[in-house]
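Have a look at final15.cif; it's mmCIF, C-alpha atoms and all ligand atoms:
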```cif
data_structure
#
loop_
_atom_site.label_atom_id
_atom_site.label_comp_id
_atom_site.auth_asym_id
_atom_site.auth_seq_id
_atom_site.Cartn_x
_atom_site.Cartn_y
_atom_site.Cartn_z
CA LEU A 1 -6.66 7.53 41.10
CA ALA A 2 -9.19 4.78 40.50
CA THR A 3 -7.71 1.29 40.54
CA ALA A 4 -7.09 0.12 37.01
CA ALA A 5 -7.42 -3.31 35.45
CA GLN A 6 -4.01 -4.90 34.88
CA CYS A 7 -2.51 -6.77 31.96
CA ASP A 8 0.92 -7.55 30.58
CA VAL A 9 0.49 -6.31 27.04
CA ALA A 10 -2.05 -3.71 25.91
CA ILE A 11 -2.46 -3.43 22.15
CA VAL A 12 -4.15 -0.43 20.56
CA GLY A 13 -5.77 -1.46 17.29
CA GLY A 14 -7.47 -4.71 16.35
CA GLY A 15 -6.26 -4.77 12.77
CA ALA A 16 -3.86 -7.11 11.03
CA ALA A 17 -0.74 -6.19 12.99
CA GLY A 18 -2.41 -5.90 16.40
CA LEU A 19 -4.18 -9.26 16.09
CA MET A 20 -1.01 -11.07 15.03
CA CYS A 21 0.97 -9.45 17.83
CA ALA A 22 -1.70 -10.52 20.34
CA ILE A 23 -1.61 -14.13 19.14
CA ASP A 24 2.16 -14.41 19.58
CA ALA A 25 2.22 -12.65 22.94
CA GLY A 26 -0.78 -14.63 24.20
CA ARG A 27 0.82 -17.93 23.22
CA ARG A 28 3.78 -16.98 25.41
CA GLY A 29 1.47 -16.76 28.36
CA ARG A 30 1.19 -12.99 28.46
CA ARG A 31 -2.11 -11.47 29.58
CA VAL A 32 -3.03 -9.52 26.46
CA GLU A 33 -5.80 -6.99 25.85
CA ILE A 34 -6.65 -5.52 22.46
CA LEU A 35 -8.33 -2.11 22.49
CA GLU A 36 -10.20 -1.39 19.26
CA HIS A 37 -12.33 1.70 18.77
CA ASN A 38 -14.49 0.26 15.97
CA ARG A 39 -17.43 -1.96 16.86
CA GLU A 40 -15.69 -4.86 15.12
CA ILE A 41 -12.08 -5.85 14.58
CA GLY A 42 -10.30 -6.15 11.22
CA ARG A 43 -12.49 -3.86 9.14
CA LYS A 44 -9.67 -3.16 6.73
CA ILE A 45 -9.03 -6.85 6.26
CA LEU A 46 -12.70 -7.24 5.32
CA ILE A 47 -12.51 -4.69 2.48
CA SER A 48 -9.04 -5.72 1.32
CA GLY A 49 -8.27 -7.31 -2.02
CA GLY A 50 -11.76 -6.54 -3.31
CA GLY A 51 -13.24 -8.51 -0.38
CA ARG A 52 -10.99 -11.55 -0.85
CA CYS A 53 -7.92 -10.28 1.01
CA ASN A 54 -4.61 -10.55 -0.79
CA PHE A 55 -3.14 -11.78 2.50
CA THR A 56 0.48 -12.25 1.44
CA ASN A 57 2.88 -12.50 -1.45
CA LEU A 58 5.09 -15.56 -1.91
CA HIS A 59 7.87 -13.47 -3.45
CA CYS A 60 8.10 -11.06 -0.52
CA ARG A 61 11.53 -9.42 -0.34
CA PRO A 62 12.85 -6.35 1.46
CA GLU A 63 12.99 -4.62 -1.95
CA ASN A 64 9.18 -4.64 -2.03
CA PHE A 65 9.08 -2.06 0.77
CA LEU A 66 9.75 1.67 0.95
CA SER A 67 11.19 3.21 4.10
CA GLU A 68 13.76 5.87 4.93
CA ASN A 69 15.82 2.94 6.19
CA ARG A 70 15.51 0.30 3.52
CA HIS A 71 17.13 -2.37 5.70
CA PHE A 72 14.78 -1.98 8.64
CA ALA A 73 12.12 -4.49 7.56
CA ARG A 74 14.63 -7.24 6.80
CA SER A 75 14.83 -8.90 10.19
CA ALA A 76 11.11 -9.15 10.92
CA LEU A 77 10.37 -10.30 7.37
CA ALA A 78 13.01 -13.01 7.62
CA ARG A 79 11.55 -14.40 10.83
CA SER A 80 7.88 -14.40 9.73
CA THR A 81 7.58 -15.52 6.15
CA PRO A 82 4.64 -15.76 3.76
CA ARG A 83 4.85 -19.56 4.25
CA ASP A 84 4.35 -19.17 7.99
CA PHE A 85 1.16 -17.20 7.44
CA LEU A 86 0.03 -19.61 4.77
CA ALA A 87 0.49 -22.48 7.21
CA MET A 88 -1.99 -20.83 9.58
CA VAL A 89 -4.43 -20.21 6.72
CA GLU A 90 -4.26 -23.88 5.74
CA GLN A 91 -4.59 -25.09 9.31
CA HIS A 92 -7.89 -23.24 9.41
CA GLY A 93 -9.04 -24.88 6.21
CA ILE A 94 -9.26 -21.57 4.35
CA ARG A 95 -9.12 -22.12 0.63
CA TRP A 96 -6.85 -19.83 -1.33
CA HIS A 97 -5.39 -19.29 -4.78
CA GLU A 98 -2.43 -17.54 -6.34
CA LYS A 99 -3.58 -14.76 -8.63
CA THR A 100 -0.53 -13.30 -10.30
CA ALA A 101 3.11 -13.05 -9.32
CA GLY A 102 2.86 -14.69 -5.91
CA GLN A 103 -0.26 -12.80 -4.76
CA LEU A 104 -2.33 -15.08 -2.52
CA PHE A 105 -6.07 -14.45 -2.12
CA CYS A 106 -8.89 -16.24 -0.31
CA ASP A 107 -11.17 -18.20 -2.64
CA GLY A 108 -14.07 -16.90 -0.58
CA SER A 109 -14.62 -13.92 1.68
CA ALA A 110 -11.88 -12.06 3.56
CA ARG A 111 -14.03 -12.67 6.64
CA ALA A 112 -12.37 -16.08 6.90
CA ILE A 113 -9.07 -14.35 7.70
CA VAL A 114 -10.64 -12.21 10.44
CA ARG A 115 -12.37 -15.30 11.87
CA MET A 116 -9.07 -17.20 11.85
CA LEU A 117 -7.26 -14.41 13.72
CA GLU A 118 -10.13 -14.14 16.19
CA GLU A 119 -10.03 -17.89 16.88
CA GLU A 120 -6.27 -17.82 17.34
CA CYS A 121 -6.64 -14.90 19.74
CA ALA A 122 -9.27 -16.82 21.73
CA ALA A 123 -7.01 -19.90 21.85
CA ALA A 124 -4.16 -17.73 23.13
CA GLY A 125 -6.37 -16.23 25.83
CA VAL A 126 -6.38 -12.73 24.35
CA ARG A 127 -9.12 -10.38 25.51
CA ILE A 128 -10.54 -8.22 22.72
CA ARG A 129 -12.45 -5.07 23.63
CA THR A 130 -14.24 -3.21 20.83
CA GLY A 131 -15.95 0.18 20.80
CA VAL A 132 -13.48 1.63 23.30
CA ARG A 133 -12.42 5.28 23.40
CA ILE A 134 -8.90 5.97 24.59
CA ALA A 135 -8.74 9.35 26.27
CA GLU A 136 -5.13 9.33 27.31
CA VAL A 137 -1.97 7.27 27.58
CA ALA A 138 0.62 7.90 30.26
CA ARG A 139 3.69 6.14 31.59
CA GLY A 140 4.83 5.72 35.15
CA GLU A 141 6.01 2.37 36.52
CA ARG A 142 3.61 0.89 33.97
CA PHE A 143 1.64 2.26 31.05
CA ARG A 144 -1.73 3.67 32.04
CA ILE A 145 -4.41 3.80 29.36
CA VAL A 146 -7.38 5.91 30.35
CA LEU A 147 -10.60 4.79 28.71
CA ASP A 148 -14.13 6.11 28.82
CA GLY A 149 -15.17 5.13 32.33
CA ASP A 150 -12.19 2.95 33.32
CA ALA A 151 -8.48 2.49 32.91
CA LEU A 152 -6.05 -0.26 32.07
CA GLU A 153 -2.47 -0.65 33.21
CA SER A 154 0.07 -2.69 31.33
CA ARG A 155 3.75 -3.48 31.37
CA ALA A 156 4.02 -3.17 27.58
CA LEU A 157 2.05 -1.00 25.18
CA VAL A 158 1.86 -1.93 21.49
CA ILE A 159 0.59 0.70 19.07
CA ALA A 160 -1.02 -1.06 16.11
CA ALA A 161 -3.42 1.73 15.19
CA GLY A 162 -2.58 1.77 11.46
CA GLY A 163 -2.18 4.77 9.18
CA LEU A 164 -4.49 7.51 7.93
CA SER A 165 -5.98 5.78 4.89
CA ILE A 166 -9.75 5.36 4.71
CA PRO A 167 -10.87 7.45 7.70
CA LYS A 168 -14.47 6.34 7.19
CA ILE A 169 -13.64 2.85 8.48
CA GLY A 170 -11.77 4.03 11.53
CA ALA A 171 -8.31 5.22 10.51
CA SER A 172 -6.94 7.75 12.99
CA ASP A 173 -3.74 9.62 13.78
CA PHE A 174 -3.61 7.98 17.21
CA GLY A 175 -0.34 6.14 16.57
CA TYR A 176 1.48 9.25 15.41
CA ARG A 177 0.15 11.24 18.37
CA VAL A 178 1.43 8.66 20.85
CA ALA A 179 4.81 8.60 19.09
CA ARG A 180 5.11 12.37 19.33
CA GLN A 181 3.89 12.40 22.91
CA PHE A 182 6.82 10.16 23.84
CA GLY A 183 9.30 12.19 21.80
CA LEU A 184 9.64 9.79 18.85
CA LYS A 185 10.18 11.22 15.38
CA VAL A 186 7.53 10.64 12.72
CA VAL A 187 8.25 10.73 8.99
CA GLU A 188 5.41 12.89 7.62
CA PRO A 189 2.59 10.51 6.64
CA ARG A 190 1.42 10.70 3.02
CA PRO A 191 -1.14 8.83 0.91
CA ALA A 192 0.33 5.93 -1.08
CA LEU A 193 -1.03 3.29 -3.46
CA VAL A 194 -3.37 6.07 -4.49
CA PRO A 195 -4.63 7.46 -7.83
CA LEU A 196 -2.85 10.54 -9.15
CA VAL A 197 -4.83 13.63 -10.13
CA PHE A 198 -4.48 15.72 -13.32
CA GLY A 199 -3.60 19.38 -13.23
CA GLU A 200 -6.09 21.73 -14.88
CA GLU A 201 -4.62 21.52 -18.38
CA ASP A 202 -4.30 17.73 -18.48
CA GLY A 203 -7.76 17.55 -16.96
CA THR A 204 -9.38 19.38 -19.88
CA ARG A 205 -7.39 17.40 -22.42
CA LEU A 206 -7.73 13.93 -20.97
CA ALA A 207 -10.67 13.62 -18.56
CA ASP A 208 -12.99 12.20 -21.21
CA LEU A 209 -10.61 9.27 -21.69
CA ALA A 210 -11.99 7.91 -18.39
CA GLY A 211 -12.28 4.14 -18.62
CA VAL A 212 -9.42 3.69 -21.11
CA SER A 213 -6.79 1.27 -19.85
CA CYS A 214 -3.47 0.16 -21.29
CA GLU A 215 -0.15 -1.46 -20.42
CA ALA A 216 2.34 1.15 -19.27
CA ALA A 217 5.70 1.49 -17.58
CA VAL A 218 5.30 4.25 -15.01
CA THR A 219 8.36 5.82 -13.38
CA ALA A 220 8.32 7.97 -10.24
CA GLY A 221 11.07 8.70 -7.75
CA GLY A 222 13.42 6.30 -9.52
CA ALA A 223 11.09 3.29 -9.33
CA VAL A 224 9.45 1.87 -12.44
CA PHE A 225 6.34 -0.31 -12.62
CA HIS A 226 5.24 -2.13 -15.75
CA GLU A 227 1.58 -3.03 -15.29
CA LYS A 228 -1.91 -1.86 -16.30
CA MET A 229 -2.78 1.82 -16.13
CA LEU A 230 -6.26 3.34 -16.14
CA PHE A 231 -7.53 6.80 -17.09
CA THR A 232 -10.16 8.13 -14.66
CA HIS A 233 -12.30 11.28 -14.72
CA ARG A 234 -9.83 12.99 -12.41
CA GLY A 235 -6.48 11.49 -13.35
CA LEU A 236 -4.68 8.17 -13.58
CA SER A 237 -5.06 4.95 -11.65
CA GLY A 238 -4.56 1.21 -12.19
CA PRO A 239 -1.78 -0.90 -10.65
CA ALA A 240 1.16 0.76 -12.43
CA VAL A 241 0.11 4.23 -11.25
CA LEU A 242 -0.88 3.12 -7.74
CA GLN A 243 2.55 1.53 -7.35
CA ALA A 244 4.35 4.61 -8.66
CA SER A 245 2.32 6.92 -6.38
CA THR A 246 4.15 5.53 -3.34
CA TYR A 247 7.45 6.81 -4.77
CA TRP A 248 6.07 10.10 -6.13
CA ARG A 249 6.63 13.41 -4.32
CA PRO A 250 4.52 16.56 -4.91
CA GLY A 251 5.84 18.76 -7.68
CA GLU A 252 7.74 15.94 -9.38
CA ALA A 253 6.93 14.61 -12.84
CA VAL A 254 5.85 11.05 -13.49
CA GLU A 255 7.22 9.55 -16.69
CA ILE A 256 5.04 7.10 -18.53
CA ASP A 257 5.99 4.76 -21.34
CA LEU A 258 2.67 4.19 -23.10
CA VAL A 259 4.13 1.58 -25.45
CA PRO A 260 6.50 -0.32 -23.16
CA GLY A 261 8.74 -3.02 -24.53
CA ILE A 262 8.16 -2.00 -28.12
CA ASP A 263 10.55 -0.24 -30.50
CA LEU A 264 7.83 2.02 -31.87
CA ALA A 265 10.15 4.14 -34.05
CA GLY A 266 11.72 1.03 -35.60
CA GLU A 267 8.30 -0.44 -36.24
CA LEU A 268 7.01 2.70 -37.97
CA GLN A 269 10.23 3.02 -39.98
CA ARG A 270 9.80 -0.52 -41.28
CA ARG A 271 6.19 0.17 -42.23
CA LYS A 272 7.22 3.40 -43.93
CA ALA A 273 9.91 1.60 -45.93
CA ALA A 274 7.29 -0.93 -47.02
CA GLY A 275 5.17 1.97 -48.33
CA ASP A 276 2.39 1.55 -45.74
CA ARG A 277 -0.61 3.69 -46.74
CA ALA A 278 -2.38 3.32 -43.37
CA GLU A 279 -2.97 6.44 -41.28
CA THR A 280 -0.33 6.64 -38.56
CA ARG A 281 -3.04 6.81 -35.93
CA THR A 282 -4.57 3.61 -37.26
CA ALA A 283 -1.14 2.01 -37.07
CA LEU A 284 -0.78 3.32 -33.54
CA ALA A 285 -4.18 1.94 -32.58
CA GLU A 286 -2.65 -1.52 -33.00
CA ARG A 287 -0.42 -0.66 -30.05
CA LEU A 288 -2.61 1.66 -27.99
CA PRO A 289 -6.33 1.85 -27.19
CA ARG A 290 -8.02 3.59 -30.12
CA ARG A 291 -9.39 6.48 -28.04
CA LEU A 292 -5.94 7.21 -26.66
CA ALA A 293 -4.28 7.01 -30.08
CA ASP A 294 -6.89 9.39 -31.52
CA ARG A 295 -6.47 11.83 -28.64
CA TRP A 296 -2.69 11.76 -29.00
CA PHE A 297 -2.98 13.00 -32.58
CA GLU A 298 -5.63 15.60 -31.68
CA LEU A 299 -3.18 17.01 -29.16
CA HIS A 300 0.13 16.56 -30.97
CA GLY A 301 -0.60 17.26 -34.60
CA PRO A 302 -2.45 15.72 -37.49
CA SER A 303 -2.04 12.09 -38.47
CA ARG A 304 -0.80 11.29 -41.95
CA PRO A 305 -0.21 8.03 -43.79
CA VAL A 306 2.79 6.20 -42.38
CA ARG A 307 4.67 6.30 -45.69
CA GLN A 308 4.52 10.13 -45.67
CA MET A 309 5.96 10.54 -42.18
CA ALA A 310 9.36 12.22 -42.04
CA ASP A 311 11.99 10.30 -40.03
CA ARG A 312 12.10 13.19 -37.57
CA GLU A 313 8.33 13.02 -37.07
CA ILE A 314 8.52 9.31 -36.38
CA GLU A 315 11.27 9.86 -33.84
CA ARG A 316 9.28 12.62 -32.13
CA LEU A 317 6.09 10.58 -32.03
CA ALA A 318 7.87 7.55 -30.57
CA ALA A 319 9.78 9.62 -28.03
CA GLY A 320 6.56 11.33 -26.93
CA LEU A 321 4.77 8.03 -26.37
CA HIS A 322 7.72 6.28 -24.72
CA ARG A 323 8.36 9.22 -22.40
CA TRP A 324 5.11 10.98 -21.69
CA ARG A 325 5.81 13.33 -18.79
CA PHE A 326 2.95 14.23 -16.57
CA VAL A 327 3.05 16.43 -13.45
CA PRO A 328 0.21 15.37 -11.14
CA ALA A 329 -1.56 18.14 -9.27
CA GLY A 330 -1.73 15.75 -6.33
CA THR A 331 -3.24 12.45 -5.25
CA GLU A 332 -6.79 11.39 -4.42
CA GLY A 333 -5.72 11.65 -0.77
CA PHE A 334 -6.19 9.49 2.31
CA GLY A 335 -9.84 8.89 1.45
CA LYS A 336 -8.76 6.72 -1.49
CA ALA A 337 -5.24 5.64 -0.52
CA GLU A 338 -4.74 1.93 0.09
CA VAL A 339 -1.93 2.64 2.49
CA THR A 340 -0.08 5.42 4.33
CA ALA A 341 3.60 5.95 3.59
CA GLY A 342 5.81 7.55 6.22
CA GLY A 343 5.06 7.04 9.89
CA VAL A 344 7.04 6.34 13.04
CA ASP A 345 10.69 6.76 12.14
CA THR A 346 12.40 3.37 12.07
CA ALA A 347 15.54 4.91 13.62
CA GLU A 348 13.46 5.08 16.82
CA LEU A 349 12.73 1.33 16.85
CA SER A 350 14.54 -1.98 17.22
CA SER A 351 14.25 -3.90 13.96
CA GLN A 352 14.21 -7.17 15.97
CA THR A 353 11.34 -6.34 18.29
CA MET A 354 9.74 -3.06 17.12
CA GLU A 355 10.36 -1.67 20.62
CA SER A 356 11.13 2.00 21.02
CA ARG A 357 14.77 2.68 21.82
CA ARG A 358 13.86 5.63 24.06
CA VAL A 359 10.79 4.27 25.78
CA PRO A 360 11.22 0.66 26.96
CA GLY A 361 7.98 -1.31 26.72
CA LEU A 362 6.50 0.85 23.95
CA TYR A 363 6.17 -0.91 20.58
CA PHE A 364 4.92 0.18 17.14
CA VAL A 365 3.81 -2.37 14.54
CA GLY A 366 2.17 -2.45 11.12
CA GLU A 367 1.29 0.48 8.93
CA VAL A 368 1.91 3.14 11.59
CA VAL A 369 5.65 2.46 11.13
CA ASP A 370 7.57 4.05 8.25
CA VAL A 371 7.57 0.84 6.19
CA THR A 372 5.27 0.73 3.17
CA GLY A 373 4.74 -2.29 0.98
CA GLN A 374 4.09 -2.36 -2.72
CA LEU A 375 0.77 -3.54 -4.10
CA GLY A 376 0.24 -7.29 -4.01
CA GLY A 377 -0.04 -8.55 -0.43
CA PHE A 378 3.13 -6.94 0.92
CA ASN A 379 1.40 -4.60 3.35
CA PHE A 380 -0.31 -7.47 5.10
CA GLN A 381 2.95 -9.42 5.18
CA TRP A 382 4.55 -6.44 6.93
CA ALA A 383 1.64 -6.29 9.38
CA TRP A 384 1.95 -10.03 10.19
CA ALA A 385 5.76 -9.93 10.43
CA SER A 386 6.10 -6.76 12.51
CA GLY A 387 3.18 -7.79 14.73
CA ALA A 388 4.78 -11.18 15.36
CA ALA A 389 8.17 -9.57 16.07
CA ALA A 390 6.66 -7.49 18.87
CA GLY A 391 4.46 -10.35 20.04
CA ARG A 392 7.54 -12.52 20.62
CA ALA A 393 9.20 -9.83 22.69
CA ALA A 394 6.55 -7.88 24.58
C1 LIG B 1 -9.27 -0.77 0.30
C2 LIG B 1 -8.00 -1.41 0.79
C3 LIG B 1 -7.61 -2.64 0.31
C4 LIG B 1 -6.41 -3.23 0.73
N1 LIG B 1 -6.07 -4.43 0.25
C5 LIG B 1 -4.90 -5.00 0.63
C6 LIG B 1 -4.53 -6.30 0.18
O1 LIG B 1 -5.30 -6.97 -0.52
N2 LIG B 1 -3.30 -6.78 0.55
C7 LIG B 1 -2.46 -6.09 1.38
O2 LIG B 1 -1.38 -6.57 1.70
N3 LIG B 1 -2.82 -4.89 1.88
C8 LIG B 1 -4.01 -4.34 1.52
N4 LIG B 1 -4.37 -3.12 2.04
C9 LIG B 1 -3.48 -2.49 3.04
C10 LIG B 1 -3.68 -3.20 4.39
O3 LIG B 1 -5.06 -3.32 4.64
C11 LIG B 1 -3.02 -2.44 5.53
O4 LIG B 1 -1.70 -2.12 5.21
C12 LIG B 1 -3.05 -3.25 6.82
O5 LIG B 1 -4.39 -3.47 7.19
C13 LIG B 1 -2.30 -2.55 7.94
O6 LIG B 1 -2.49 -3.27 9.13
P1 LIG B 1 -2.44 -2.52 10.54
O7 LIG B 1 -2.88 -3.53 11.54
O8 LIG B 1 -1.17 -1.83 10.71
O9 LIG B 1 -3.57 -1.39 10.42
P2 LIG B 1 -5.15 -1.57 10.29
O10 LIG B 1 -5.49 -2.84 9.64
O11 LIG B 1 -5.63 -0.30 9.68
O12 LIG B 1 -5.62 -1.66 11.81
C14 LIG B 1 -5.56 -0.57 12.68
C15 LIG B 1 -6.68 -0.72 13.69
O13 LIG B 1 -6.55 0.26 14.69
C16 LIG B 1 -7.80 0.81 14.97
N5 LIG B 1 -7.61 2.15 15.55
C17 LIG B 1 -7.20 3.27 14.94
N6 LIG B 1 -7.18 4.29 15.81
C18 LIG B 1 -7.57 3.79 17.01
C19 LIG B 1 -7.75 4.37 18.30
N7 LIG B 1 -7.55 5.66 18.53
N8 LIG B 1 -8.18 3.57 19.31
C20 LIG B 1 -8.44 2.25 19.09
N9 LIG B 1 -8.28 1.67 17.89
C21 LIG B 1 -7.84 2.43 16.87
C22 LIG B 1 -8.50 0.83 13.64
O14 LIG B 1 -9.91 0.90 13.77
C23 LIG B 1 -8.04 -0.51 13.05
O15 LIG B 1 -8.90 -1.57 13.41
C24 LIG B 1 -5.58 -2.54 1.66
C25 LIG B 1 -5.99 -1.32 2.17
C26 LIG B 1 -7.19 -0.75 1.76
C27 LIG B 1 -7.61 0.56 2.34
#
```
So, in terms of structure tokens, how does the structure I just supplied come out?
Amino acid sequence: LATAAQCDVAIVGGGAAGLMCAIDAGRRGRRVEILEHNREIGRKILISGGGRCNFTNLHCRPENFLSENRHFARSALARSTPRDFLAMVEQHGIRWHEKTAGQLFCDGSARAIVRMLEEECAAAGVRIRTGVRIAEVARGERFRIVLDGDALESRALVIAAGGLSIPKIGASDFGYRVARQFGLKVVEPRPALVPLVFGEEDGTRLADLAGVSCEAAVTAGGAVFHEKMLFTHRGLSGPAVLQASTYWRPGEAVEIDLVPGIDLAGELQRRKAAGDRAETRTALAERLPRRLADRWFELHGPSRPVRQMADREIERLAAGLHRWRFVPAGTEGFGKAEVTAGGVDTAELSSQTMESRRVPGLYFVGEVVDVTGQLGGFNFQWAWASGAAAGRAA
């Protein structure tokens, strides 16, 4: 065997979680090497938040995450808070603003976040290698990582290789493969924060509504999200649907309240009692985008003046709009998913350190773990927090 370079902590993946882990381990005096297969680090950070990186959320709570073990994320999140990350952002003079509901974005380009992490890595003595190909990982006394042309040996190995979303910027199944190689269970990865796709029938009825957006309360898998929803050529998107997609399972229905927070039946009854001559669809267009209101009547029967509507018809109309059930044919897949749900089973890991219970020295951090944040900066907060947890221990 050729002699291999030595380090204390080898980290696979120079994304959000890997960089944060490196900073914490490096500050503790560990010799740290990051192995990144892209030519540059942090590509996902660069495209995040529409190029401005929604880097955290001030209202981050364990309830904002989905995992088979809903308590797993608690410890790491408690020890690395949004304020801690914000302190680093401010130290680097990066200007930021709160958009809505605690979502923090850069005023300028997301590149500032990558530059900050790179500078912190340099200050902590971390070596970053880009464009590397990992052929094999093995474990003897130490971990041995075989690269194209050379090898690296380390005492600890941190897998921060992310999930499967957006393969065209470097996502790979590396993390899951390493987990399985070492006998760790993986919760089947699935696209999340992803648009949902119409079945054939809904497609013919609704595809030309593409571009229509409205407030909606979207329920899937017991979770409900009241935000904007958007019709696309292929299905539904917008924050409410992206959020619900994380909780949706194939074959299940999604229930959508198209007029949330309104007593539509009561409203129409009052207008009827007042002798309203307006067409019901015109009345509805005060509550829904016109194109959607028109399509609803094309599909569910003719519109008549409000004052001629039977009570039963009003009830049926309101119930239909408050509880529109839609069975997606699927999602837009990993090519469009903002995140990957599922991943390395948390039962395999210490919630304090992210270290494998079976394989001492092997750590998993960030999106590769079965912890998935909701939309709004939570996935980065998980990456920072889990990365730091491992960085303090490895
Ligand atoms: C379009 C988009 C926008 C987003 N916007 C936001 C947002 O605004 N706020 C938010 O909180 N979250 C956002 N996310 C989610 C967030 O980017 C991820 O959850 C987060 O980056 C996960 O961090 P990570 O370090 O675990 O994985 P990643 O950031 O994906 O990093 C993994 C790294 O590992 C590398 N890698 C993979 N395989 C190998 C291998 N075999 N060898 C070497 N290196 C490898 C990859 O190239 C990558 O650099 C967004 C995601 C997308 C796709």
Could the residues that lie within 7 Å of ligand LIG 1 (chain B), counting only C-alpha atoms and all ligand atoms, be listed as a ChimeraX atom specification?
/A:12-18,35-38,41-45,47-50,53-56,132-134,160-163,165-166,169-174,337-339,365-368,375-381,383
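With CA of Met354 (chain A) on one side and CA of Gln103 (chain A) on the other, the separation reads 26.0 Å.
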Which neighbours of Val137 (chain A) fall inside 7 Å, counting only C-alpha atoms, when residues of the same chain fewer than 2 positions from it are skipped, and could you give them as a ChimeraX atom specification?
/A:144-146
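Residues lying within 9 Å of (2.1, 7.2, -44.1). Counted over all atoms listed in the file, they are Arg271, Lys272, Gly275, Asp276, Arg277, Ala278, Glu279, Thr280, Ser303, Arg304, Pro305, Val306, Arg307, Gln308 and Met309 of chain A.
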Include C-alpha atoms and write out the residues we just selected as an mmCIF file, in the frame of the given file.
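Output contents, as saved in result39.cif:
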```cif
data_model
loop_
_atom_site.group_PDB
_atom_site.id
_atom_site.type_symbol
_atom_site.label_atom_id
_atom_site.label_comp_id
_atom_site.auth_asym_id
_atom_site.auth_seq_id
_atom_site.Cartn_x
_atom_site.Cartn_y
_atom_site.Cartn_z
ATOM 1 C CA ARG A 271 6.190 0.170 -42.230
ATOM 2 C CA LYS A 272 7.220 3.400 -43.930
ATOM 3 C CA GLY A 275 5.170 1.970 -48.330
ATOM 4 C CA ASP A 276 2.390 1.550 -45.740
ATOM 5 C CA ARG A 277 -0.610 3.690 -46.740
ATOM 6 C CA ALA A 278 -2.380 3.320 -43.370
ATOM 7 C CA GLU A 279 -2.970 6.440 -41.280
ATOM 8 C CA THR A 280 -0.330 6.640 -38.560
ATOM 9 C CA SER A 303 -2.040 12.090 -38.470
ATOM 10 C CA ARG A 304 -0.800 11.290 -41.950
ATOM 11 C CA PRO A 305 -0.210 8.030 -43.790
ATOM 12 C CA VAL A 306 2.790 6.200 -42.380
ATOM 13 C CA ARG A 307 4.670 6.300 -45.690
ATOM 14 C CA GLN A 308 4.520 10.130 -45.670
ATOM 15 C CA MET A 309 5.960 10.540 -42.180
#
```
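Look at Ala123 (chain A): the protein and nucleic acid residues within 10 Å of it, using all atoms listed in the file and passing over chain neighbours fewer than 3 places away, are Ile23, Gly26, Arg27, Leu117, Glu118, Glu119, Glu120 and Val126 of chain A.
Using only C-alpha atoms for every distance, the candidate list A:Ala265, A:Ala156, A:Ala285, A:Leu258 yields A:Ala156 as the residue closest to Ala10 (chain A).
Computed from the coordinates, the CA of Thr346 (chain A) to CA of Val186 (chain A) distance equals 8.8 Å.
Here CA of Glu298 (chain A) and CA of Ala273 (chain A) stand 25.3 Å from one another.
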Render region 61-71 of chain A from the structure in the preceding block as a file of N, CA and C atoms, as a CSV table (one decimal), in the first residue's frame.
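And here is the file that came out, part.csv:
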```
chain,number,residue,atom,x,y,z
A,61,ARG,N,-37.5,26.0,15.3
A,61,ARG,CA,-37.9,25.1,16.4
A,61,ARG,C,-37.9,23.7,15.9
A,62,PRO,N,-37.7,22.7,16.8
A,62,PRO,CA,-37.7,21.3,16.4
A,62,PRO,C,-38.9,21.0,15.5
A,63,GLU,N,-40.0,21.6,15.8
A,63,GLU,CA,-41.3,21.4,15.0
A,63,GLU,C,-41.2,21.7,13.5
A,64,ASN,N,-40.1,22.5,13.2
A,64,ASN,CA,-40.0,22.9,11.8
A,64,ASN,C,-39.2,21.8,11.0
A,65,PHE,N,-39.0,20.6,11.6
A,65,PHE,CA,-38.3,19.6,10.9
A,65,PHE,C,-39.1,18.3,10.9
A,66,LEU,N,-38.9,17.5,9.8
A,66,LEU,CA,-39.5,16.2,9.7
A,66,LEU,C,-38.4,15.1,9.7
A,67,SER,N,-38.7,14.1,10.5
A,67,SER,CA,-37.7,13.0,10.7
A,67,SER,C,-38.5,11.9,11.3
A,68,GLU,N,-38.0,10.6,11.1
A,68,GLU,CA,-38.7,9.5,11.7
A,68,GLU,C,-38.6,9.6,13.2
A,69,ASN,N,-37.6,10.3,13.7
A,69,ASN,CA,-37.5,10.6,15.1
A,69,ASN,C,-37.5,12.1,15.3
A,70,ARG,N,-38.7,12.5,15.7
A,70,ARG,CA,-38.9,14.0,15.7
A,70,ARG,C,-38.1,14.7,16.8
A,71,HIS,N,-37.5,13.9,17.7
A,71,HIS,CA,-36.8,14.6,18.8
A,71,HIS,C,-35.3,14.7,18.5
```
